[in-house]
Amino acid sequence: MQAAMPIKPMSIAEVVPHAPPVLSMASCYATHHAKVFQLGMRYGNGNAAWAEDLTHDVFVKYAEKQGQLHDLDDIGGWLYRVASNLAISRLRRERSFWGRVTTTLTADKQDSVPGADVVFEDRQLAGRAMAAVQELPPKERVVVSMKILDDKSQKEIAGTLSISEGYVSKLLARALKRLESEGWEVPSC
Amino acid sequence: MLTTSKPSFADALRQADQGIIDHGVPDAIERRLRKRLDERRSGSAYRLPIVIAMTATIAAAALFLFVFRGESTQSQTVAAGGFTIENASQDLRYSDSDGLVITAGACDVVSAELGIRISNSGNVAIQSEQDGIRLRHGAATFSVEKRIHTQTPARIWVSDGVIEVLGTEFTVNQREHGGDVVLHEGAIRFVPTSGELRTLAPGDSLTWPLQVGTPRLPAVTIAPEPETEENTPLVAKPAHTKAPIQKRETPEQEPETEIRAEPTVRNVFAELAKLRSRGQYQQAVKLLRSAIHDSRTTSAAGEQFSYELGAILTDQLHDKHAACNHWKIHSRRHADGKYATEVEKVQLRIGCGGD
């Protein structure tokens, strides 16, 4: 049988004392992938394949940048920022490419959403809300989600998306107005 | 007078988001993601400029030689129990005084002797057994090298039995009282401490302690994979188990000794991934339809293929009519399938009318 070397509990950081504090890809993925995937599902309107691709792209980005990320306490925040921005880029790209096709194919979306059904009322509302968000332009979609679901302030949203607070306010107002006109009760900005 | 109140958008959106959170990351997606990222990493797709990469490599080698001068020159850490630790994260913490207990970080634990690689998912405790590995607690994904006819299966001991492995990939979660295993690829069988042996097909899961009267798993029998063929079917002839085979509609037409090969799940999904990455969704639909209708495809694999087909029709081709038709058929064929809830959600999302 093989002789086991007596090794005391230790971390790799102790073995290589001067190694920079970098969170490994495996560890980062294990800790954060569920949250990133959730963001993908959210922005991709519940499309698992879309969320998978976004998650993949986010962690590829992490692999590229991990050597430069030393604030290990805020890796989650960094990933959130990257996921949100990549989601906007991806949505924009798809809109320009698929926009006309999908609009034609889903023209009867409103009609096809089931009417008021007592049994599934709550779930229908959730589905309708998702469908309404899907109709918003990419940036508005992400901003509204950040505001309502993550309870972010306009300042935080502006910081995350690298845009001005004024622009965030404008995007929010525009999105909420549109939702209100579709029959929703919307929160104030 | 009739008054109507508007529905709250914030509440509805939060509810939808909660649904997403509850949905979690499907196992198949999680596995595919890991694989994609691994492949990207091993394929040096990160495009580091060659000069930087070479410099970094030389610097790392110099540092390594400096730190480990006079000691082992292996790049892995050797732990007790014949395990080596590879791909350790910076924050890895473990103890090997009483088995191998990982308390933080991520790594691969390798038993070269048994041909088993274990990737931890959080805290995990394992120990070496005479003929295998015991998972004392925690969740880990096991990859086992293919066994040939003459080799004994690798054995993973858990609280209520042993999982015998013939070359495959699966995830085991051992909790304080009981646990579960999900099979991703290949074939495994579960030999309970008491009771009859159970076999699993890709996509199956099994929870222990086993309930008395637990329904049988879908028809799967296993045999060691032939040593010469890389892409042999995952399901072969009935061999080592007394577990009754779920009969098809015309069982009498199938001789008991017939080898029931199927299009390997791995092959179909590999081809599917290729087509998806190229945006060739029509070809992907053809591939999946053909795999579904292949008479050798097992029920479990068929359900996976069917789910993927529906997802492509829904989300890539945006063909609502075809998607709704497909989901209707899927729901009928796999009424109690593992994707039943998700299928229901998709139908609701795209507005498939009930009938």
# chains A, B, ... in the order shown; residues from 1 in each chain; ligands from 1
>>> residues_around(residues="range 101-115 of chain B", least_positions_apart="5", cutoff="6 Å", atoms="only C-alpha atoms", output="list in words")
Ser27 of chain A; Phe83, Thr84, Ile85, Glu86, Asn87, Ala88, Ser89, Asp91, Leu92, Arg93, Tyr94, Ser95, Asn123, Val124, Ala125, Val144 and Glu145 of chain B
>>> write_last_selection(atoms="all heavy atoms", output="compact mmCIF listing (two decimals), in the first residue's frame")
# COMPACT_ATOMS: atom_id res chain seq x y z
N SER A 27 -13.28 27.47 -7.46
CA SER A 27 -13.89 27.93 -6.23
C SER A 27 -14.92 29.02 -6.52
O SER A 27 -16.01 29.04 -5.95
CB SER A 27 -12.79 28.47 -5.32
OG SER A 27 -13.24 28.54 -4.03
N PHE B 83 -4.58 9.31 -1.60
CA PHE B 83 -5.19 10.33 -2.45
C PHE B 83 -4.15 11.38 -2.85
O PHE B 83 -3.23 11.67 -2.09
CB PHE B 83 -6.31 11.07 -1.71
CG PHE B 83 -7.46 10.19 -1.32
CD1 PHE B 83 -7.80 10.02 0.00
CD2 PHE B 83 -8.21 9.54 -2.29
CE1 PHE B 83 -8.87 9.22 0.37
CE2 PHE B 83 -9.28 8.74 -1.93
CZ PHE B 83 -9.61 8.58 -0.60
N THR B 84 -4.32 11.94 -4.03
CA THR B 84 -3.56 13.14 -4.38
C THR B 84 -4.57 14.26 -4.61
O THR B 84 -5.69 14.02 -5.06
CB THR B 84 -2.71 12.95 -5.65
OG1 THR B 84 -3.56 12.49 -6.69
CG2 THR B 84 -1.59 11.98 -5.43
N ILE B 85 -4.13 15.46 -4.28
CA ILE B 85 -5.01 16.62 -4.43
C ILE B 85 -4.52 17.44 -5.61
O ILE B 85 -3.36 17.82 -5.66
CB ILE B 85 -5.01 17.45 -3.14
CG1 ILE B 85 -5.66 16.63 -2.02
CG2 ILE B 85 -5.76 18.76 -3.34
CD1 ILE B 85 -5.65 17.29 -0.69
N GLU B 86 -5.42 17.68 -6.55
CA GLU B 86 -5.05 18.45 -7.74
C GLU B 86 -6.02 19.62 -7.92
O GLU B 86 -7.12 19.62 -7.38
CB GLU B 86 -5.13 17.55 -8.98
CG GLU B 86 -4.15 16.41 -8.95
CD GLU B 86 -4.23 15.53 -10.20
OE1 GLU B 86 -4.99 15.86 -11.12
OE2 GLU B 86 -3.53 14.52 -10.23
N ASN B 87 -5.58 20.57 -8.72
CA ASN B 87 -6.41 21.73 -9.06
C ASN B 87 -6.98 22.41 -7.82
O ASN B 87 -8.15 22.80 -7.79
CB ASN B 87 -7.58 21.33 -9.98
CG ASN B 87 -7.10 20.66 -11.24
OD1 ASN B 87 -6.05 21.01 -11.77
ND2 ASN B 87 -7.82 19.67 -11.71
N ALA B 88 -6.15 22.50 -6.79
CA ALA B 88 -6.64 23.08 -5.54
C ALA B 88 -6.84 24.58 -5.67
O ALA B 88 -6.05 25.27 -6.30
CB ALA B 88 -5.64 22.79 -4.42
N SER B 89 -7.89 25.08 -5.06
CA SER B 89 -8.12 26.52 -5.05
C SER B 89 -7.25 27.14 -3.95
O SER B 89 -6.77 26.46 -3.05
CB SER B 89 -9.59 26.82 -4.79
OG SER B 89 -9.98 26.34 -3.54
N ASP B 91 -8.06 28.90 -1.56
CA ASP B 91 -8.64 28.89 -0.21
C ASP B 91 -8.90 27.47 0.29
O ASP B 91 -9.63 27.28 1.25
CB ASP B 91 -9.95 29.68 -0.22
CG ASP B 91 -10.92 29.19 -1.29
OD1 ASP B 91 -10.47 28.49 -2.22
OD2 ASP B 91 -12.11 29.50 -1.19
N LEU B 92 -8.29 26.49 -0.37
CA LEU B 92 -8.53 25.11 0.06
C LEU B 92 -8.04 24.88 1.48
O LEU B 92 -6.92 25.25 1.85
CB LEU B 92 -7.81 24.13 -0.88
CG LEU B 92 -7.98 22.66 -0.48
CD1 LEU B 92 -9.40 22.19 -0.77
CD2 LEU B 92 -6.99 21.77 -1.21
N ARG B 93 -8.88 24.26 2.28
CA ARG B 93 -8.47 23.84 3.63
C ARG B 93 -8.93 22.40 3.83
O ARG B 93 -10.06 22.07 3.52
CB ARG B 93 -9.09 24.75 4.69
CG ARG B 93 -8.47 26.13 4.69
CD ARG B 93 -8.71 26.91 5.96
NE ARG B 93 -7.90 28.11 5.93
CZ ARG B 93 -6.66 28.17 6.39
NH1 ARG B 93 -6.11 27.10 6.96
NH2 ARG B 93 -5.97 29.29 6.32
N TYR B 94 -8.02 21.62 4.32
CA TYR B 94 -8.41 20.24 4.55
C TYR B 94 -7.59 19.64 5.67
O TYR B 94 -6.57 20.19 6.10
CB TYR B 94 -8.22 19.42 3.26
CG TYR B 94 -6.77 19.20 2.88
CD1 TYR B 94 -6.08 18.08 3.33
CD2 TYR B 94 -6.09 20.10 2.08
CE1 TYR B 94 -4.76 17.87 2.99
CE2 TYR B 94 -4.78 19.92 1.73
CZ TYR B 94 -4.11 18.79 2.19
OH TYR B 94 -2.80 18.60 1.86
N SER B 95 -8.09 18.51 6.14
CA SER B 95 -7.36 17.77 7.17
C SER B 95 -7.33 16.33 6.72
O SER B 95 -8.30 15.84 6.12
CB SER B 95 -8.11 17.94 8.49
OG SER B 95 -8.00 16.78 9.25
N ASN B 123 -18.06 21.36 1.56
CA ASN B 123 -17.40 20.49 2.53
C ASN B 123 -17.68 19.02 2.21
O ASN B 123 -18.79 18.67 1.85
CB ASN B 123 -17.91 20.79 3.94
CG ASN B 123 -17.54 22.19 4.36
OD1 ASN B 123 -16.84 22.89 3.62
ND2 ASN B 123 -18.02 22.62 5.50
N VAL B 124 -16.66 18.23 2.38
CA VAL B 124 -16.84 16.81 2.08
C VAL B 124 -15.84 16.00 2.90
O VAL B 124 -14.76 16.48 3.23
CB VAL B 124 -16.66 16.58 0.56
CG1 VAL B 124 -15.23 16.70 0.13
CG2 VAL B 124 -17.22 15.26 0.10
N ALA B 125 -16.23 14.80 3.28
CA ALA B 125 -15.33 13.91 4.01
C ALA B 125 -15.33 12.55 3.33
O ALA B 125 -16.37 11.95 3.13
CB ALA B 125 -15.78 13.76 5.46
N VAL B 144 -15.13 8.24 -12.99
CA VAL B 144 -14.44 6.95 -12.85
C VAL B 144 -13.95 6.51 -14.21
O VAL B 144 -14.70 6.55 -15.20
CB VAL B 144 -15.40 5.91 -12.26
CG1 VAL B 144 -14.73 4.56 -12.13
CG2 VAL B 144 -15.91 6.38 -10.91
N GLU B 145 -12.72 6.09 -14.26
CA GLU B 145 -12.17 5.59 -15.52
C GLU B 145 -12.93 4.35 -15.95
O GLU B 145 -13.40 3.58 -15.11
CB GLU B 145 -10.69 5.23 -15.34
CG GLU B 145 -9.80 6.45 -15.25
CD GLU B 145 -8.37 6.09 -14.88
OE1 GLU B 145 -8.04 4.89 -14.87
OE2 GLU B 145 -7.61 7.01 -14.57
>>> interface_residues(of="chain B", to="chain A", cutoff="7 Å", atoms="only C-alpha atoms", output="PyMOL selection string")
chain B and resi 6-10+12-17+20-21+24-25+29+33+37+46+78-82+89-95+105-106+121+315+318+349+351
>>> residues_around(residues="range 79-94 of chain A", least_positions_apart="4", cutoff="7 Å", atoms="only C-alpha atoms", output="compact mmCIF listing (two decimals) with all heavy atoms, in the first residue's frame")
# COMPACT_ATOMS: atom_id res chain seq x y z
N VAL A 36 -25.34 33.58 -10.74
CA VAL A 36 -25.17 34.11 -12.10
C VAL A 36 -26.22 33.49 -13.03
O VAL A 36 -26.82 34.18 -13.85
CB VAL A 36 -23.74 33.84 -12.62
CG1 VAL A 36 -23.61 34.26 -14.08
CG2 VAL A 36 -22.72 34.56 -11.77
N TYR A 43 -32.89 37.73 -16.85
CA TYR A 43 -32.77 38.62 -18.01
C TYR A 43 -33.15 37.91 -19.31
O TYR A 43 -33.54 38.54 -20.29
CB TYR A 43 -31.34 39.17 -18.12
CG TYR A 43 -30.94 40.02 -16.93
CD1 TYR A 43 -29.66 39.97 -16.40
CD2 TYR A 43 -31.85 40.89 -16.35
CE1 TYR A 43 -29.29 40.74 -15.32
CE2 TYR A 43 -31.50 41.66 -15.25
CZ TYR A 43 -30.22 41.59 -14.73
OH TYR A 43 -29.88 42.35 -13.66
N LEU A 54 -25.06 32.79 -20.94
CA LEU A 54 -24.61 33.98 -20.21
C LEU A 54 -23.66 33.58 -19.07
O LEU A 54 -22.61 34.19 -18.87
CB LEU A 54 -25.81 34.76 -19.65
CG LEU A 54 -25.40 36.03 -18.92
CD1 LEU A 54 -25.08 37.14 -19.92
CD2 LEU A 54 -26.48 36.53 -17.96
N VAL A 58 -19.85 34.79 -18.53
CA VAL A 58 -19.42 35.50 -17.31
C VAL A 58 -18.18 34.84 -16.71
O VAL A 58 -17.21 35.51 -16.34
CB VAL A 58 -20.57 35.54 -16.27
CG1 VAL A 58 -20.07 36.02 -14.92
CG2 VAL A 58 -21.69 36.45 -16.76
N ILE A 75 -16.19 39.63 -5.10
CA ILE A 75 -16.26 38.88 -6.36
C ILE A 75 -17.71 38.76 -6.82
O ILE A 75 -18.02 38.88 -8.00
CB ILE A 75 -15.63 37.47 -6.19
CG1 ILE A 75 -14.14 37.58 -5.94
CG2 ILE A 75 -15.90 36.60 -7.42
CD1 ILE A 75 -13.33 38.14 -7.08
N TRP A 98 -32.67 39.15 -34.33
CA TRP A 98 -33.89 38.34 -34.32
C TRP A 98 -35.16 39.18 -34.18
O TRP A 98 -36.26 38.67 -34.32
CB TRP A 98 -33.86 37.37 -33.14
CG TRP A 98 -32.95 36.22 -33.35
CD1 TRP A 98 -31.72 36.06 -32.80
CD2 TRP A 98 -33.17 35.07 -34.18
NE1 TRP A 98 -31.16 34.88 -33.23
CE2 TRP A 98 -32.03 34.26 -34.08
CE3 TRP A 98 -34.23 34.66 -35.00
CZ2 TRP A 98 -31.92 33.06 -34.76
CZ3 TRP A 98 -34.11 33.46 -35.67
CH2 TRP A 98 -32.95 32.68 -35.56
N GLY A 99 -34.98 40.43 -33.86
CA GLY A 99 -36.13 41.26 -33.51
C GLY A 99 -37.34 41.10 -34.41
O GLY A 99 -38.42 40.77 -33.94
N PRO A 138 -33.47 46.26 -23.89
CA PRO A 138 -32.51 45.61 -22.99
C PRO A 138 -32.14 46.39 -21.74
O PRO A 138 -32.21 45.86 -20.63
CB PRO A 138 -31.30 45.39 -23.89
CG PRO A 138 -31.87 45.27 -25.25
CD PRO A 138 -33.05 46.16 -25.29
N LYS A 139 -31.78 47.64 -21.92
CA LYS A 139 -31.33 48.40 -20.74
C LYS A 139 -32.46 48.62 -19.76
O LYS A 139 -32.28 48.51 -18.55
CB LYS A 139 -30.74 49.75 -21.17
CG LYS A 139 -29.24 49.69 -21.37
CD LYS A 139 -28.63 51.04 -21.57
CE LYS A 139 -27.13 50.86 -21.82
NZ LYS A 139 -26.51 52.01 -22.43
N VAL A 142 -33.08 45.43 -17.76
CA VAL A 142 -32.10 45.18 -16.70
C VAL A 142 -32.27 46.18 -15.56
O VAL A 142 -32.24 45.81 -14.38
CB VAL A 142 -30.67 45.23 -17.29
CG1 VAL A 142 -29.63 45.18 -16.19
CG2 VAL A 142 -30.46 44.07 -18.26
N THR A 160 -23.18 50.20 -11.53
CA THR A 160 -23.06 48.84 -12.08
C THR A 160 -23.00 48.86 -13.61
O THR A 160 -22.22 48.13 -14.21
CB THR A 160 -24.28 47.99 -11.63
OG1 THR A 160 -24.30 47.96 -10.22
CG2 THR A 160 -24.19 46.58 -12.17
N LEU A 161 -23.82 49.71 -14.20
CA LEU A 161 -23.89 49.71 -15.67
C LEU A 161 -23.02 50.79 -16.30
O LEU A 161 -23.01 50.95 -17.52
CB LEU A 161 -25.35 49.90 -16.11
CG LEU A 161 -26.35 48.83 -15.62
CD1 LEU A 161 -27.75 49.14 -16.12
CD2 LEU A 161 -25.93 47.44 -16.07
>>> atom_distance(atom1="CA of Leu287 in chain B", atom2="CA of Val268 in chain B")
7.6 Å
>>> residues_around(residues="Leu172 in chain A", least_positions_apart="2", cutoff="7 Å", atoms="only C-alpha atoms", output="list in words")
Glu140, Val143, Val144, Val168, Ser169, Lys170, Arg174, Ala175, Leu176 and Cys189 of chain A
>>> atom_distance(atom1="CA of Gln280 in chain B", atom2="CA of Leu317 in chain B")
10.1 Å
>>> residues_around(residues="Gln282 in chain B", least_positions_apart="4", cutoff="12 Å", atoms="only C-alpha atoms", output="list in words")
Leu272, Leu275, Arg276, Arg278, Lys286, Leu287, Leu288, Arg289, Leu309, Ile312, Leu313, Gln316, Leu317, His318 and Asp319 of chain B
